[in-house]
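Quick look at query-v1.pdb (PDB, C-alpha atoms, pLDDT in the B column):
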```pdb
ATOM      1  CA  MET A   1     -22.564 -12.433  -4.490  1.00 94.00           C
ATOM      2  CA  GLN A   2     -19.374 -11.142  -6.018  1.00 96.00           C
ATOM      3  CA  MET A   3     -17.700  -8.362  -4.034  1.00 97.00           C
ATOM      4  CA  VAL A   4     -16.105  -6.216  -6.738  1.00 98.00           C
ATOM      5  CA  LEU A   5     -14.776  -3.619  -4.274  1.00 98.00           C
ATOM      6  CA  CYS A   6     -14.576  -3.287  -0.520  1.00 98.00           C
ATOM      7  CA  ARG A   7     -13.980   0.338   0.398  1.00 98.00           C
ATOM      8  CA  ILE A   8     -13.476   2.144   3.684  1.00 98.00           C
ATOM      9  CA  ASP A   9     -14.750   5.691   3.301  1.00 97.00           C
ATOM     10  CA  ASP A  10     -16.523   7.546   6.081  1.00 95.00           C
ATOM     11  CA  ARG A  11     -18.468   9.568   3.470  1.00 94.00           C
ATOM     12  CA  LEU A  12     -20.044   6.353   2.106  1.00 95.00           C
ATOM     13  CA  ILE A  13     -21.819   7.493  -1.090  1.00 94.00           C
ATOM     14  CA  HIS A  14     -20.384  10.703  -2.533  1.00 92.00           C
ATOM     15  CA  GLY A  15     -19.329  12.269  -5.827  1.00 91.00           C
ATOM     16  CA  GLN A  16     -15.945  10.560  -6.057  1.00 93.00           C
ATOM     17  CA  LEU A  17     -17.533   7.161  -5.569  1.00 94.00           C
ATOM     18  CA  THR A  18     -20.186   7.701  -8.209  1.00 94.00           C
ATOM     19  CA  THR A  19     -18.010   9.391 -10.839  1.00 95.00           C
ATOM     20  CA  GLN A  20     -14.698   7.566 -10.423  1.00 96.00           C
ATOM     21  CA  TRP A  21     -15.008   4.311  -8.486  1.00 97.00           C
ATOM     22  CA  LEU A  22     -18.254   3.003  -9.994  1.00 96.00           C
ATOM     23  CA  PRO A  23     -17.011   3.241 -13.607  1.00 96.00           C
ATOM     24  CA  GLN A  24     -13.893   1.260 -12.585  1.00 96.00           C
ATOM     25  CA  TYR A  25     -15.866  -1.284 -10.552  1.00 97.00           C
ATOM     26  CA  PRO A  26     -19.281  -1.728 -12.178  1.00 96.00           C
ATOM     27  CA  ALA A  27     -21.777  -3.025  -9.652  1.00 97.00           C
ATOM     28  CA  ASP A  28     -25.421  -3.947  -9.325  1.00 95.00           C
ATOM     29  CA  ALA A  29     -25.605  -2.765  -5.720  1.00 96.00           C
ATOM     30  CA  LEU A  30     -23.896  -0.778  -3.016  1.00 97.00           C
ATOM     31  CA  PHE A  31     -23.982  -2.568   0.321  1.00 98.00           C
ATOM     32  CA  ILE A  32     -23.462  -0.182   3.234  1.00 98.00           C
ATOM     33  CA  VAL A  33     -22.678  -1.735   6.600  1.00 98.00           C
ATOM     34  CA  ASP A  34     -22.894   0.735   9.463  1.00 98.00           C
ATOM     35  CA  ASP A  35     -24.785   0.434  12.733  1.00 97.00           C
ATOM     36  CA  ALA A  36     -25.633   4.148  13.023  1.00 96.00           C
ATOM     37  CA  VAL A  37     -26.867   4.495   9.437  1.00 97.00           C
ATOM     38  CA  ALA A  38     -28.923   1.297   9.686  1.00 97.00           C
ATOM     39  CA  ALA A  39     -30.519   2.508  12.938  1.00 98.00           C
ATOM     40  CA  ASP A  40     -31.574   5.879  11.479  1.00 97.00           C
ATOM     41  CA  ALA A  41     -34.285   5.496   8.822  1.00 96.00           C
ATOM     42  CA  PHE A  42     -34.038   9.132   7.712  1.00 96.00           C
ATOM     43  CA  LEU A  43     -30.245   9.053   7.358  1.00 95.00           C
ATOM     44  CA  SER A  44     -30.423   5.724   5.566  1.00 95.00           C
ATOM     45  CA  GLU A  45     -32.996   7.089   3.107  1.00 95.00           C
ATOM     46  CA  MET A  46     -30.927  10.227   2.474  1.00 94.00           C
ATOM     47  CA  ILE A  47     -27.780   8.202   1.767  1.00 93.00           C
ATOM     48  CA  CYS A  48     -29.673   5.887  -0.581  1.00 91.00           C
ATOM     49  CA  MET A  49     -30.891   8.931  -2.538  1.00 93.00           C
ATOM     50  CA  LEU A  50     -27.272   9.805  -3.350  1.00 92.00           C
ATOM     51  CA  ALA A  51     -26.773   6.675  -5.445  1.00 93.00           C
ATOM     52  CA  PRO A  52     -27.079   6.842  -9.222  1.00 93.00           C
ATOM     53  CA  ALA A  53     -30.467   5.859 -10.637  1.00 91.00           C
ATOM     54  CA  GLY A  54     -30.832   2.138 -11.152  1.00 91.00           C
ATOM     55  CA  LEU A  55     -28.179   1.180  -8.616  1.00 94.00           C
ATOM     56  CA  GLN A  56     -29.600  -0.752  -5.684  1.00 95.00           C
ATOM     57  CA  VAL A  57     -28.477   0.384  -2.220  1.00 96.00           C
ATOM     58  CA  LEU A  58     -28.669  -1.971   0.739  1.00 96.00           C
ATOM     59  CA  VAL A  59     -28.044  -0.838   4.305  1.00 97.00           C
ATOM     60  CA  ALA A  60     -27.404  -3.176   7.218  1.00 98.00           C
ATOM     61  CA  ASP A  61     -26.052  -3.114  10.719  1.00 97.00           C
ATOM     62  CA  VAL A  62     -23.048  -5.289  11.542  1.00 97.00           C
ATOM     63  CA  PRO A  63     -25.015  -8.097  13.247  1.00 96.00           C
ATOM     64  CA  SER A  64     -27.328  -8.670  10.258  1.00 97.00           C
ATOM     65  CA  ALA A  65     -24.927  -7.895   7.390  1.00 97.00           C
ATOM     66  CA  ALA A  66     -23.465 -11.381   6.876  1.00 95.00           C
ATOM     67  CA  GLN A  67     -26.918 -12.950   6.612  1.00 96.00           C
ATOM     68  CA  LYS A  68     -28.135 -10.267   4.195  1.00 96.00           C
ATOM     69  CA  MET A  69     -25.036 -10.744   2.040  1.00 95.00           C
ATOM     70  CA  ALA A  70     -25.637 -14.494   1.940  1.00 94.00           C
ATOM     71  CA  GLU A  71     -29.157 -13.846   0.627  1.00 95.00           C
ATOM     72  CA  LEU A  72     -27.917 -11.912  -2.418  1.00 95.00           C
ATOM     73  CA  PRO A  73     -27.972 -13.721  -5.769  1.00 95.00           C
ATOM     74  CA  PRO A  74     -24.663 -15.416  -6.640  1.00 95.00           C
ATOM     75  CA  ALA A  75     -24.277 -13.276  -9.786  1.00 96.00           C
ATOM     76  CA  ALA A  76     -24.819  -9.954  -7.946  1.00 96.00           C
ATOM     77  CA  ARG A  77     -21.851  -7.589  -8.274  1.00 97.00           C
ATOM     78  CA  VAL A  78     -21.589  -5.622  -5.038  1.00 98.00           C
ATOM     79  CA  ILE A  79     -19.471  -2.788  -3.687  1.00 98.00           C
ATOM     80  CA  LEU A  80     -19.184  -3.024   0.096  1.00 98.00           C
ATOM     81  CA  LEU A  81     -18.901   0.361   1.825  1.00 98.00           C
ATOM     82  CA  VAL A  82     -17.978   0.845   5.477  1.00 98.00           C
ATOM     83  CA  LYS A  83     -16.783   3.793   7.534  1.00 98.00           C
ATOM     84  CA  THR A  84     -14.106   2.011   9.528  1.00 97.00           C
ATOM     85  CA  PRO A  85     -11.886  -1.076   9.407  1.00 98.00           C
ATOM     86  CA  LEU A  86     -13.419  -2.208  12.694  1.00 98.00           C
ATOM     87  CA  THR A  87     -16.594  -3.040  10.768  1.00 98.00           C
ATOM     88  CA  LEU A  88     -14.634  -5.213   8.348  1.00 98.00           C
ATOM     89  CA  CYS A  89     -12.992  -7.122  11.202  1.00 98.00           C
ATOM     90  CA  ALA A  90     -16.444  -7.754  12.692  1.00 97.00           C
ATOM     91  CA  LEU A  91     -17.697  -8.989   9.311  1.00 97.00           C
ATOM     92  CA  GLN A  92     -14.698 -11.317   8.962  1.00 96.00           C
ATOM     93  CA  LYS A  93     -15.541 -12.803  12.371  1.00 96.00           C
ATOM     94  CA  GLN A  94     -19.029 -13.534  11.005  1.00 95.00           C
ATOM     95  CA  GLY A  95     -17.484 -15.444   8.106  1.00 94.00           C
ATOM     96  CA  VAL A  96     -17.685 -12.768   5.418  1.00 96.00           C
ATOM     97  CA  ASP A  97     -14.873 -13.194   2.908  1.00 95.00           C
ATOM     98  CA  ILE A  98     -13.195  -9.839   2.326  1.00 96.00           C
ATOM     99  CA  PRO A  99     -11.065 -10.272  -0.825  1.00 96.00           C
ATOM    100  CA  ALA A 100      -9.203  -6.932  -0.540  1.00 98.00           C
ATOM    101  CA  VAL A 101      -9.654  -3.591   1.201  1.00 98.00           C
ATOM    102  CA  SER A 102      -9.356  -0.174  -0.405  1.00 98.00           C
ATOM    103  CA  VAL A 103      -8.794   2.445   2.295  1.00 98.00           C
ATOM    104  CA  GLY A 104     -10.003   5.863   1.216  1.00 94.00           C
ATOM    105  CA  GLY A 105     -11.761   8.686   3.020  1.00 90.00           C
ATOM    106  CA  MET A 106     -10.989   8.355   6.694  1.00 95.00           C
ATOM    107  CA  GLY A 107     -10.862  11.993   7.732  1.00 93.00           C
ATOM    108  CA  MET A 108      -9.004  13.612  10.583  1.00 94.00           C
ATOM    109  CA  ARG A 109     -10.902  13.825  13.869  1.00 94.00           C
ATOM    110  CA  PRO A 110     -10.026  13.608  17.552  1.00 95.00           C
ATOM    111  CA  GLY A 111      -8.136  10.421  18.349  1.00 96.00           C
ATOM    112  CA  ARG A 112      -6.903   9.959  14.793  1.00 97.00           C
ATOM    113  CA  SER A 113      -3.505  10.772  13.328  1.00 96.00           C
ATOM    114  CA  MET A 114      -2.343  10.855   9.728  1.00 96.00           C
ATOM    115  CA  LEU A 115      -1.816   7.457   8.143  1.00 95.00           C
ATOM    116  CA  TYR A 116      -1.329   8.391   4.490  1.00 95.00           C
ATOM    117  CA  LYS A 117      -1.963  11.690   2.677  1.00 93.00           C
ATOM    118  CA  ASN A 118      -5.498  12.713   3.793  1.00 92.00           C
ATOM    119  CA  ILE A 119      -6.263   9.353   5.449  1.00 96.00           C
ATOM    120  CA  ALA A 120      -6.224   9.344   9.243  1.00 97.00           C
ATOM    121  CA  ALA A 121      -6.687   6.456  11.675  1.00 97.00           C
ATOM    122  CA  SER A 122      -6.862   5.873  15.399  1.00 97.00           C
ATOM    123  CA  CYS A 123      -4.672   3.296  17.139  1.00 97.00           C
ATOM    124  CA  GLU A 124      -7.639   0.909  17.217  1.00 98.00           C
ATOM    125  CA  GLU A 125      -8.281   1.425  13.494  1.00 98.00           C
ATOM    126  CA  ARG A 126      -4.588   0.876  12.674  1.00 97.00           C
ATOM    127  CA  SER A 127      -4.707  -2.336  14.634  1.00 97.00           C
ATOM    128  CA  ALA A 128      -7.803  -3.432  12.701  1.00 98.00           C
ATOM    129  CA  LEU A 129      -6.087  -2.656   9.378  1.00 98.00           C
ATOM    130  CA  GLN A 130      -3.096  -4.712  10.489  1.00 97.00           C
ATOM    131  CA  GLN A 131      -5.379  -7.561  11.573  1.00 97.00           C
ATOM    132  CA  LEU A 132      -7.081  -7.543   8.163  1.00 98.00           C
ATOM    133  CA  SER A 133      -3.710  -7.584   6.429  1.00 97.00           C
ATOM    134  CA  GLU A 134      -2.386 -10.400   8.628  1.00 96.00           C
ATOM    135  CA  SER A 135      -5.472 -12.458   7.795  1.00 96.00           C
ATOM    136  CA  GLY A 136      -4.225 -12.587   4.207  1.00 95.00           C
ATOM    137  CA  CYS A 137      -6.486  -9.839   2.920  1.00 97.00           C
ATOM    138  CA  PRO A 138      -4.634  -7.237   0.816  1.00 98.00           C
ATOM    139  CA  VAL A 139      -5.141  -3.810   2.407  1.00 98.00           C
ATOM    140  CA  TYR A 140      -4.102  -0.700   0.528  1.00 98.00           C
ATOM    141  CA  CYS A 141      -4.595   3.058   0.609  1.00 98.00           C
ATOM    142  CA  GLN A 142      -5.936   4.527  -2.606  1.00 97.00           C
ATOM    143  CA  ILE A 143      -7.614   7.912  -2.753  1.00 95.00           C
ATOM    144  CA  LEU A 144      -8.734   7.641  -6.395  1.00 95.00           C
ATOM    145  CA  PRO A 145      -8.808   4.653  -8.743  1.00 96.00           C
ATOM    146  CA  SER A 146      -6.166   6.393 -10.874  1.00 96.00           C
ATOM    147  CA  ASP A 147      -3.757   6.511  -7.889  1.00 96.00           C
ATOM    148  CA  LYS A 148      -1.275   3.728  -7.341  1.00 96.00           C
ATOM    149  CA  PRO A 149      -2.414   1.530  -4.424  1.00 97.00           C
ATOM    150  CA  VAL A 150      -0.074   1.742  -1.413  1.00 97.00           C
ATOM    151  CA  ASP A 151       0.125  -1.416   0.694  1.00 97.00           C
ATOM    152  CA  ILE A 152      -0.744  -0.680   4.313  1.00 96.00           C
ATOM    153  CA  ARG A 153       2.284  -2.702   5.457  1.00 94.00           C
ATOM    154  CA  SER A 154       4.611  -0.109   3.913  1.00 93.00           C
ATOM    155  CA  LEU A 155       3.211   2.724   6.039  1.00 89.00           C
TER     156      LEU A 155
END
```

Write out the structure in this file as structure tokens.
Amino acid sequence: MQMVLCRIDDRLIHGQLTTQWLPQYPADALFIVDDAVAADAFLSEMICMLAPAGLQVLVADVPSAAQKMAELPPAARVILLVKTPLTLCALQKQGVDIPAVSVGGMGMRPGRSMLYKNIAASCEERSALQQLSESGCPVYCQILPSDKPVDIRSL
């Protein structure tokens, strides 16, 4: 499996992803890793319906994600979508290689404060972003593919 993009966006599949990110990062599949989505068959089905026709969507919880990724064909081009950096840290602990992290739609909610433009993060999420960065994984904020990536270490 080739991870062409790893994106944190709590909206998962949405218009911006399908119209702007997918053309920049052509993929065979979207791989969503989220415990709540994986546990809810209806929600999982609804999210999968949002993907463009012909694009495979895989949904997994954190404990099974690494194994499911390992089962993908070596030539598969995959976009990994998660809602939070905590998920990526958990995947790293399972041995998943995260080549780089694009931080996008993390909206404001209780316990979060502004990180960059319309991206908000809790203390725990900021710590996870720092941990990812310190592991050697480039971590950057980028709302749209046309925006200049901003390294998380500069924030």

Expected residue set, 10 Å radius at (-14.6, 3.0, -9.4), all atoms listed in the file, as an MDAnalysis selection string: chainID A and resid 4:5 16:27 79 144:146

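When CA of Leu80 (chain A) is paired with CA of Val33 (chain A), their separation reads 7.5 Å.
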
Residue nearest Leu129 (chain A) among A:Ser102, A:Gln67, A:Gln142, A:Ser44 (counting all atoms listed in the file):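 Smallest distance to Leu129 (chain A) is found for A:Ser102.
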
Polymer residues at most 9 Å from Met1 (chain A), only C-alpha atoms, same-chain spacing of 4 or more positions, as a PyMOL selection string: chain A and resi 69-78

Residue list as a VMD selection string for point (-14.5, 3.4, 9.5), cut-off 9 Å, all atoms listed in the file: chain A and resid 8 to 10 34 82 to 88 105 to 106 121 125

Okay, now the selection with C-alpha atoms, as a short mmCIF file (atom, residue, chain, number, x, y, z; two decimals), in the frame of the given file?
```cif
data_model
loop_
_atom_site.label_atom_id
_atom_site.label_comp_id
_atom_site.auth_asym_id
_atom_site.auth_seq_id
_atom_site.Cartn_x
_atom_site.Cartn_y
_atom_site.Cartn_z
CA ILE A 8 -13.48 2.14 3.68
CA ASP A 9 -14.75 5.69 3.30
CA ASP A 10 -16.52 7.55 6.08
CA ASP A 34 -22.89 0.74 9.46
CA VAL A 82 -17.98 0.84 5.48
CA LYS A 83 -16.78 3.79 7.53
CA THR A 84 -14.11 2.01 9.53
CA PRO A 85 -11.89 -1.08 9.41
CA LEU A 86 -13.42 -2.21 12.69
CA THR A 87 -16.59 -3.04 10.77
CA LEU A 88 -14.63 -5.21 8.35
CA GLY A 105 -11.76 8.69 3.02
CA MET A 106 -10.99 8.36 6.69
CA ALA A 121 -6.69 6.46 11.68
CA GLU A 125 -8.28 1.42 13.49
#
```

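If you measure from each of A:Cys137, A:Leu91, A:Ala51, A:Leu155 to Tyr116 (chain A) using all atoms listed in the file, the closest one turns out to be A:Leu155.
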
Length of the CA of Met108 (chain A) to CA of Ala120 (chain A) vector [Å]: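 CA of Ala120 (chain A) lies 5.3 Å from CA of Met108 (chain A).
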
Nearest to Ala128 (chain A) by atom-to-atom distance, counting only C-alpha atoms, from A:Ala66, A:Ala90, A:Leu115, A:Leu81: A:Ala90

Distance query region 131-133 of chain A at most 9 Å, only C-alpha atoms, self and fewer than 5 positions along chain excluded, as a ChimeraX atom specification: /A:85,88-89,92,98,100-101,126,138-139,152-153

Matched chain/residue IDs from the PyMOL selection byres ((chain A and resi 57) around 7), as a PyMOL selection string: chain A and resi 29-31+48+55-56+58-59

Å distance separating CA of Ile143 (chain A) from CA of Ser113 (chain A), one decimal place: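 Separating CA of Ile143 (chain A) from CA of Ser113 (chain A) is a distance of 16.8 Å.
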
Counting only C-alpha atoms, the option among A:Ala41, A:Leu50, A:Met3, A:Val150 closest to Val96 (chain A):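 Of the candidates, the smallest distance to Val96 (chain A) is held by A:Met3.
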
Contacts of Asp61 (chain A) at 9 Å (all atoms listed in the file; same-chain gap of 4+ positions) as a list in words: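 Selected residues are Ile32, Val33, Asp34, Asp35, Ala36, Val37, Ala38, Ala39 and Ala65 of chain A.
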
For the residues in that selection, give me C-alpha atoms as an mmCIF file, keeping the file's coordinate frame.
```
data_model
loop_
_atom_site.group_PDB
_atom_site.id
_atom_site.type_symbol
_atom_site.label_atom_id
_atom_site.label_comp_id
_atom_site.auth_asym_id
_atom_site.auth_seq_id
_atom_site.Cartn_x
_atom_site.Cartn_y
_atom_site.Cartn_z
ATOM 1 C CA ILE A 32 -23.462 -0.182 3.234
ATOM 2 C CA VAL A 33 -22.678 -1.735 6.600
ATOM 3 C CA ASP A 34 -22.894 0.735 9.463
ATOM 4 C CA ASP A 35 -24.785 0.434 12.733
ATOM 5 C CA ALA A 36 -25.633 4.148 13.023
ATOM 6 C CA VAL A 37 -26.867 4.495 9.437
ATOM 7 C CA ALA A 38 -28.923 1.297 9.686
ATOM 8 C CA ALA A 39 -30.519 2.508 12.938
ATOM 9 C CA ALA A 65 -24.927 -7.895 7.390
#
```

Pick from A:Asp147, A:Ala53, A:Ser135, A:His14, whichever lies nearest to Asp97 (chain A) using only C-alpha atoms: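 Checking each candidate against Asp97 (chain A), we get A:Ser135 as the closest.
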
Centre, x/y/z edge lengths, axis-aligned box for region 59-63 of chain A with 8 Å per side, as AutoDock Vina command-line options:
```
--center_x -25.5 --center_y -4.5 --center_z 8.8 --size_x 21.0 --size_y 23.3 --size_z 24.9
```

Once N, CA and C atoms are restored for region 20-40 of chain A, what would the output be as an mmCIF file, keeping the file's coordinate frame?
```cif
data_model
loop_
_atom_site.group_PDB
_atom_site.id
_atom_site.type_symbol
_atom_site.label_atom_id
_atom_site.label_comp_id
_atom_site.auth_asym_id
_atom_site.auth_seq_id
_atom_site.Cartn_x
_atom_site.Cartn_y
_atom_site.Cartn_z
ATOM 1 N N GLN A 20 -16.003 8.166 -10.150
ATOM 2 C CA GLN A 20 -14.698 7.566 -10.423
ATOM 3 C C GLN A 20 -14.605 6.084 -10.061
ATOM 4 N N TRP A 21 -15.134 5.706 -8.906
ATOM 5 C CA TRP A 21 -15.008 4.311 -8.486
ATOM 6 C C TRP A 21 -15.994 3.404 -9.211
ATOM 7 N N LEU A 22 -17.245 3.841 -9.334
ATOM 8 C CA LEU A 22 -18.254 3.003 -9.994
ATOM 9 C C LEU A 22 -17.910 2.671 -11.453
ATOM 10 N N PRO A 23 -17.396 3.620 -12.246
ATOM 11 C CA PRO A 23 -17.011 3.241 -13.607
ATOM 12 C C PRO A 23 -15.876 2.198 -13.640
ATOM 13 N N GLN A 24 -14.995 2.224 -12.644
ATOM 14 C CA GLN A 24 -13.893 1.260 -12.585
ATOM 15 C C GLN A 24 -14.334 -0.089 -12.032
ATOM 16 N N TYR A 25 -15.355 -0.069 -11.195
ATOM 17 C CA TYR A 25 -15.866 -1.284 -10.552
ATOM 18 C C TYR A 25 -17.378 -1.360 -10.732
ATOM 19 N N PRO A 26 -17.831 -1.670 -11.938
ATOM 20 C CA PRO A 26 -19.281 -1.728 -12.178
ATOM 21 C C PRO A 26 -19.959 -2.690 -11.205
ATOM 22 N N ALA A 27 -21.070 -2.238 -10.667
ATOM 23 C CA ALA A 27 -21.777 -3.025 -9.652
ATOM 24 C C ALA A 27 -23.279 -2.930 -9.855
ATOM 25 N N ASP A 28 -23.962 -3.941 -9.329
ATOM 26 C CA ASP A 28 -25.421 -3.947 -9.325
ATOM 27 C C ASP A 28 -25.964 -3.274 -8.064
ATOM 28 N N ALA A 29 -25.132 -3.281 -7.005
ATOM 29 C CA ALA A 29 -25.605 -2.765 -5.720
ATOM 30 C C ALA A 29 -24.455 -2.222 -4.890
ATOM 31 N N LEU A 30 -24.790 -1.256 -4.067
ATOM 32 C CA LEU A 30 -23.896 -0.778 -3.016
ATOM 33 C C LEU A 30 -24.436 -1.350 -1.716
ATOM 34 N N PHE A 31 -23.576 -1.982 -0.958
ATOM 35 C CA PHE A 31 -23.982 -2.568 0.321
ATOM 36 C C PHE A 31 -23.260 -1.797 1.417
ATOM 37 N N ILE A 32 -24.012 -0.999 2.150
ATOM 38 C CA ILE A 32 -23.462 -0.182 3.234
ATOM 39 C C ILE A 32 -23.672 -0.919 4.544
ATOM 40 N N VAL A 33 -22.575 -1.110 5.286
ATOM 41 C CA VAL A 33 -22.678 -1.735 6.600
ATOM 42 C C VAL A 33 -22.220 -0.711 7.629
ATOM 43 N N ASP A 34 -23.177 -0.258 8.421
ATOM 44 C CA ASP A 34 -22.894 0.735 9.463
ATOM 45 C C ASP A 34 -24.057 0.733 10.450
ATOM 46 N N ASP A 35 -23.740 0.512 11.709
ATOM 47 C CA ASP A 35 -24.785 0.434 12.733
ATOM 48 C C ASP A 35 -25.597 1.721 12.846
ATOM 49 N N ALA A 36 -24.922 2.874 12.839
ATOM 50 C CA ALA A 36 -25.633 4.148 13.023
ATOM 51 C C ALA A 36 -26.534 4.451 11.829
ATOM 52 N N VAL A 37 -26.057 4.229 10.629
ATOM 53 C CA VAL A 37 -26.867 4.495 9.437
ATOM 54 C C VAL A 37 -28.061 3.551 9.412
ATOM 55 N N ALA A 38 -27.832 2.281 9.704
ATOM 56 C CA ALA A 38 -28.923 1.297 9.686
ATOM 57 C C ALA A 38 -29.989 1.607 10.743
ATOM 58 N N ALA A 39 -29.581 2.213 11.845
ATOM 59 C CA ALA A 39 -30.519 2.508 12.938
ATOM 60 C C ALA A 39 -31.320 3.787 12.705
ATOM 61 N N ASP A 40 -30.924 4.590 11.722
ATOM 62 C CA ASP A 40 -31.574 5.879 11.479
ATOM 63 C C ASP A 40 -32.242 5.840 10.106
#
```
